Amino acid sequence: MTPETIPHRAGFVAIIGKPNVGKSTLMNALVGERLSIVTSKAQTTRHRILGILNGDNFQLVYSDTPGIIQPKYELHNAMMAFVYSSLEDADVILFVTDIYEKHDEEPVIERLRQTVDVPIFVLINKIDHAEQADVEAKIAYWRERLPNATEILPISALKAYGTDHVLQLALERLPIHPPYYPKDELTDRPERFFAAEMVREKIFKLYKKEVPYSCEVGIEEFKEDEDIIRIRGVIYVERNSQKGIIIGAKGEALKKVGTWAREEMERFFQKKVFLELFVKVDENWRTDSKALSRFGYQ
């Protein structure tokens, strides 16, 4: 059979799981590009981010989603809506857990148990930190919890162990379908979105406690010239005290965020970047539906 006669497969692969199990690291490994920000803190991912992997006869559309949590306010509700929307259109589900984690009786687990028409792969991540006996015990645990799972696979997303096999298994179960997106697209998100995410990632890495969770980033200007991209971003916080923390003594903390983010942007966009950052207070934006809509959550 020649490449021209091989049926084209295309579909959506939902990557779901609790915070900090390695969903974003997995999607970046599967797509081969750093699309989702990654930090050691929980709830770093807030949006549904598509990563598109194209081949001559296939198109895999991965959905990286926020970690499964019990919502406490409107932002959490919006984040969980992204999780459920990814399940609605999924042709394949990658349920990511890790070697240490256990799940309570949660709505998402019950929904997975009732899913019979979509293949579910349980991916036990971070096995590079475990003994073989622990891996086997965890496989048995999930075989009992999700007896309808198509397969349970130990992987290490960080070390790219088992990820090629995951890709192949997902590809084999995609429906025969023309591509959903142009074959030269890598994601559905605009460049402004990734610029904002890179700033937010550096905030998560630099600041502690509640401050990163109270921050959102908006890009007010993104102007691309032949040799440089000029970006003006705003970091929104909920209180004046947080504004002072973000700026830091003599502006040093904000300067560090800007430097780290600019360097990341230059690697991502492959072009020189001039970045300006400002800090504004938007009280209670996490519970304000209008603010959430403005930031792309609704």
# chains A, B, ... in the order shown; residues from 1 in each chain; ligands from 1
>>> closest_atom_pairs(of="stretch 153-198 of chain A", to="stretch 267-275 of chain A", cutoff="10 Å", atoms="only C-alpha atoms", output="JSON lines")
{"residue": "A:Glu191", "atom": "CA", "partner": "A:Phe269", "partner_atom": "CA", "distance": 8.6}
{"residue": "A:Phe194", "atom": "CA", "partner": "A:Phe268", "partner_atom": "CA", "distance": 8.9}
{"residue": "A:Ala195", "atom": "CA", "partner": "A:Phe268", "partner_atom": "CA", "distance": 9.2}
{"residue": "A:Met198", "atom": "CA", "partner": "A:Phe268", "partner_atom": "CA", "distance": 9.6}
>>> residues_around(residues="stretch 63-79 of chain A", least_positions_apart="4", cutoff="9 Å", atoms="only C-alpha atoms", output="JSON, numbers by chain")
{"A": [12, 13, 14, 15, 16, 17, 18, 19, 20, 21, 23, 24, 26, 27, 36, 42, 43, 44, 45, 46, 47, 48, 49, 50, 51, 52, 83, 86, 90, 106, 108, 285, 286, 287, 288, 289, 292, 297, 298]}
>>> residues_around(residues="A:Arg239", least_positions_apart="6", cutoff="9 Å", atoms="only C-alpha atoms", output="list in words")
Ser214, Val281, Asp282, Glu283 and Asn284 of chain A
>>> select_by_dssp(residues="stretch 195-284 of chain A", states="helix (DSSP H, G or I)", output="VMD selection string")
chain A and resid 195 to 206 211 to 214 240 to 247 249 to 269
>>> residues_around(residues="stretch 158-166 of chain A", least_positions_apart="2", cutoff="7 Å", atoms="only C-alpha atoms", output="list in words")
Thr25, Ala29, Leu30, Ile155, Ser156, Gln168, Leu169 and Ala170 of chain A
>>> write_last_selection(atoms="N, CA and C atoms", output="PDB file, in the first residue's frame")
ATOM      1  N   THR A  25       4.115  18.055  30.695  1.00  0.00           N
ATOM      2  CA  THR A  25       5.386  17.464  30.262  1.00  0.00           C
ATOM      3  C   THR A  25       5.127  16.384  29.227  1.00  0.00           C
ATOM      4  N   ALA A  29       6.270  16.341  25.245  1.00  0.00           N
ATOM      5  CA  ALA A  29       7.055  15.220  24.723  1.00  0.00           C
ATOM      6  C   ALA A  29       6.387  14.607  23.496  1.00  0.00           C
ATOM      7  N   LEU A  30       5.061  14.477  23.533  1.00  0.00           N
ATOM      8  CA  LEU A  30       4.344  13.851  22.418  1.00  0.00           C
ATOM      9  C   LEU A  30       4.351  14.728  21.169  1.00  0.00           C
ATOM     10  N   ILE A 155       5.067   4.940  32.390  1.00  0.00           N
ATOM     11  CA  ILE A 155       5.845   5.832  31.532  1.00  0.00           C
ATOM     12  C   ILE A 155       6.680   6.786  32.386  1.00  0.00           C
ATOM     13  N   SER A 156       7.598   7.464  31.732  1.00  0.00           N
ATOM     14  CA  SER A 156       8.257   8.627  32.304  1.00  0.00           C
ATOM     15  C   SER A 156       8.238   9.714  31.243  1.00  0.00           C
ATOM     16  N   GLN A 168       1.847   5.730  19.417  1.00  0.00           N
ATOM     17  CA  GLN A 168       1.435   4.711  18.460  1.00  0.00           C
ATOM     18  C   GLN A 168       0.068   4.136  18.815  1.00  0.00           C
ATOM     19  N   LEU A 169      -0.152   3.875  20.090  1.00  0.00           N
ATOM     20  CA  LEU A 169      -1.442   3.332  20.516  1.00  0.00           C
ATOM     21  C   LEU A 169      -2.575   4.313  20.259  1.00  0.00           C
ATOM     22  N   ALA A 170      -2.339   5.596  20.533  1.00  0.00           N
ATOM     23  CA  ALA A 170      -3.365   6.608  20.268  1.00  0.00           C
ATOM     24  C   ALA A 170      -3.654   6.714  18.776  1.00  0.00           C
TER      25      ALA A 170
END
>>> residues_around(residues="A:Phe204", least_positions_apart="5", cutoff="12 Å", atoms="only C-alpha atoms", output="list in words")
Ile37, Val38, Thr39, Ser40, Lys41, Ala42, Gln43, Thr44, Thr45, Glu197, Met198, Val199, Lys209, Glu210, Val211, Pro212, Tyr213, Ser214, Cys215, Glu216, Val217, Ile246, Val257, Trp260 and Ala261 of chain A
>>> residues_around(residues="A:Arg111", least_positions_apart="3", cutoff="12 Å", atoms="only C-alpha atoms", output="mmCIF file with C-alpha atoms, in the first residue's frame")
data_model
loop_
_atom_site.group_PDB
_atom_site.id
_atom_site.type_symbol
_atom_site.label_atom_id
_atom_site.label_comp_id
_atom_site.auth_asym_id
_atom_site.auth_seq_id
_atom_site.Cartn_x
_atom_site.Cartn_y
_atom_site.Cartn_z
ATOM 1 C CA VAL A 83 -11.441 19.263 31.403
ATOM 2 C CA TYR A 84 -14.993 18.173 30.673
ATOM 3 C CA LEU A 87 -13.735 14.623 27.266
ATOM 4 C CA GLU A 88 -16.775 15.558 25.189
ATOM 5 C CA ILE A 93 -8.405 9.538 26.555
ATOM 6 C CA PHE A 95 -5.609 9.511 31.968
ATOM 7 C CA GLU A 105 -14.232 8.652 44.535
ATOM 8 C CA GLU A 106 -14.327 11.670 42.256
ATOM 9 C CA PRO A 107 -16.794 12.617 39.511
ATOM 10 C CA VAL A 108 -14.151 12.315 36.803
ATOM 11 C CA GLN A 114 -18.940 4.775 32.544
ATOM 12 C CA THR A 115 -17.040 5.509 29.322
ATOM 13 C CA VAL A 116 -17.364 2.501 27.038
ATOM 14 C CA VAL A 118 -13.763 5.780 23.860
ATOM 15 C CA ILE A 120 -8.884 4.957 27.860
ATOM 16 C CA LEU A 146 -10.783 1.335 36.093
ATOM 17 C CA ASN A 148 -12.764 -0.684 31.492
#
>>> atom_distance(atom1="atom CA of A:Lys102", atom2="atom CA of A:Asn125")
12.7 Å
>>> residues_around(residues="A:Gly233", least_positions_apart="2", cutoff="8 Å", atoms="only C-alpha atoms", output="PyMOL selection string")
chain A and resi 196+217-221+231+235+275-278
>>> write_last_selection(atoms="N, CA and C atoms", output="PDB file, in the first residue's frame")
ATOM      1  N   ALA A 196       1.922  35.377  27.084  1.00  0.00           N
ATOM      2  CA  ALA A 196       1.356  35.545  28.424  1.00  0.00           C
ATOM      3  C   ALA A 196       1.686  34.351  29.310  1.00  0.00           C
ATOM      4  N   VAL A 217      -2.014  37.197  33.462  1.00  0.00           N
ATOM      5  CA  VAL A 217      -1.202  38.015  32.562  1.00  0.00           C
ATOM      6  C   VAL A 217      -1.989  38.317  31.299  1.00  0.00           C
ATOM      7  N   GLY A 218      -2.018  39.578  30.920  1.00  0.00           N
ATOM      8  CA  GLY A 218      -2.626  39.995  29.668  1.00  0.00           C
ATOM      9  C   GLY A 218      -1.580  40.651  28.771  1.00  0.00           C
ATOM     10  N   ILE A 219      -1.686  40.413  27.480  1.00  0.00           N
ATOM     11  CA  ILE A 219      -0.764  41.024  26.513  1.00  0.00           C
ATOM     12  C   ILE A 219      -1.502  42.150  25.803  1.00  0.00           C
ATOM     13  N   GLU A 220      -1.087  43.380  26.070  1.00  0.00           N
ATOM     14  CA  GLU A 220      -1.751  44.550  25.491  1.00  0.00           C
ATOM     15  C   GLU A 220      -1.205  44.911  24.119  1.00  0.00           C
ATOM     16  N   GLU A 221       0.020  44.530  23.864  1.00  0.00           N
ATOM     17  CA  GLU A 221       0.612  44.825  22.551  1.00  0.00           C
ATOM     18  C   GLU A 221       1.539  43.698  22.139  1.00  0.00           C
ATOM     19  N   ILE A 231       6.649  43.486  22.799  1.00  0.00           N
ATOM     20  CA  ILE A 231       5.527  42.975  23.597  1.00  0.00           C
ATOM     21  C   ILE A 231       5.350  43.831  24.847  1.00  0.00           C
ATOM     22  N   ILE A 235       0.676  42.275  34.319  1.00  0.00           N
ATOM     23  CA  ILE A 235       0.451  41.263  35.340  1.00  0.00           C
ATOM     24  C   ILE A 235      -0.638  41.788  36.267  1.00  0.00           C
ATOM     25  N   LEU A 275      10.547  43.266  25.718  1.00  0.00           N
ATOM     26  CA  LEU A 275       9.401  43.009  26.590  1.00  0.00           C
ATOM     27  C   LEU A 275       9.284  44.075  27.669  1.00  0.00           C
ATOM     28  N   GLU A 276       8.103  44.667  27.778  1.00  0.00           N
ATOM     29  CA  GLU A 276       7.772  45.584  28.866  1.00  0.00           C
ATOM     30  C   GLU A 276       6.690  44.950  29.727  1.00  0.00           C
ATOM     31  N   LEU A 277       6.855  44.996  31.041  1.00  0.00           N
ATOM     32  CA  LEU A 277       5.864  44.442  31.951  1.00  0.00           C
ATOM     33  C   LEU A 277       5.405  45.497  32.951  1.00  0.00           C
ATOM     34  N   PHE A 278       4.124  45.520  33.205  1.00  0.00           N
ATOM     35  CA  PHE A 278       3.536  46.407  34.192  1.00  0.00           C
ATOM     36  C   PHE A 278       2.676  45.571  35.141  1.00  0.00           C
TER      37      PHE A 278
END
>>> atom_distance(atom1="atom CA of A:Trp142", atom2="atom CA of A:Leu123")
9.8 Å
>>> select_by_dssp(residues="stretch 24-125 of chain A", states="strand (DSSP E or B)", output="PyMOL selection string")
chain A and resi 49-55+58-64+92-98+120-125
>>> write_last_selection(atoms="C-alpha atoms", output="CSV table (one decimal), in the first residue's frame")
chain,number,residue,atom,x,y,z
A,49,ILE,CA,-4.2,23.9,25.1
A,50,LEU,CA,-4.1,22.0,21.9
A,51,GLY,CA,-0.9,20.5,20.5
A,52,ILE,CA,-1.2,19.3,17.0
A,53,LEU,CA,1.1,16.5,15.7
A,54,ASN,CA,1.0,16.0,11.9
A,55,GLY,CA,2.1,13.3,9.6
A,58,PHE,CA,-2.5,11.4,10.3
A,59,GLN,CA,-3.2,14.3,12.6
A,60,LEU,CA,-3.2,13.9,16.4
A,61,VAL,CA,-4.8,16.8,18.3
A,62,TYR,CA,-3.7,16.6,21.9
A,63,SER,CA,-5.6,18.5,24.6
A,64,ASP,CA,-3.5,19.5,27.7
A,92,VAL,CA,-8.9,8.8,22.8
A,93,ILE,CA,-8.4,9.5,26.6
A,94,LEU,CA,-5.0,9.6,28.2
A,95,PHE,CA,-5.6,9.5,32.0
A,96,VAL,CA,-2.3,10.5,33.6
A,97,THR,CA,-1.5,9.6,37.2
A,98,ASP,CA,1.8,9.0,38.9
A,120,ILE,CA,-8.9,5.0,27.9
A,121,PHE,CA,-5.2,4.6,28.5
A,122,VAL,CA,-4.1,4.9,32.1
A,123,LEU,CA,-0.5,6.3,32.1
A,124,ILE,CA,1.4,5.8,35.4
A,125,ASN,CA,4.0,8.6,35.2
>>> atom_distance(atom1="atom CA of A:Val237", atom2="atom CA of A:Met80")
21.8 Å
>>> closest_residue(among="A:Pro7, A:Pro190, A:Pro119, A:Gly244", to="A:Thr150", atoms="only C-alpha atoms")
A:Pro119
>>> closest_residue(among="A:Arg192, A:Phe295, A:Tyr141, A:Glu33", to="A:Glu224", atoms="only C-alpha atoms")
A:Arg192
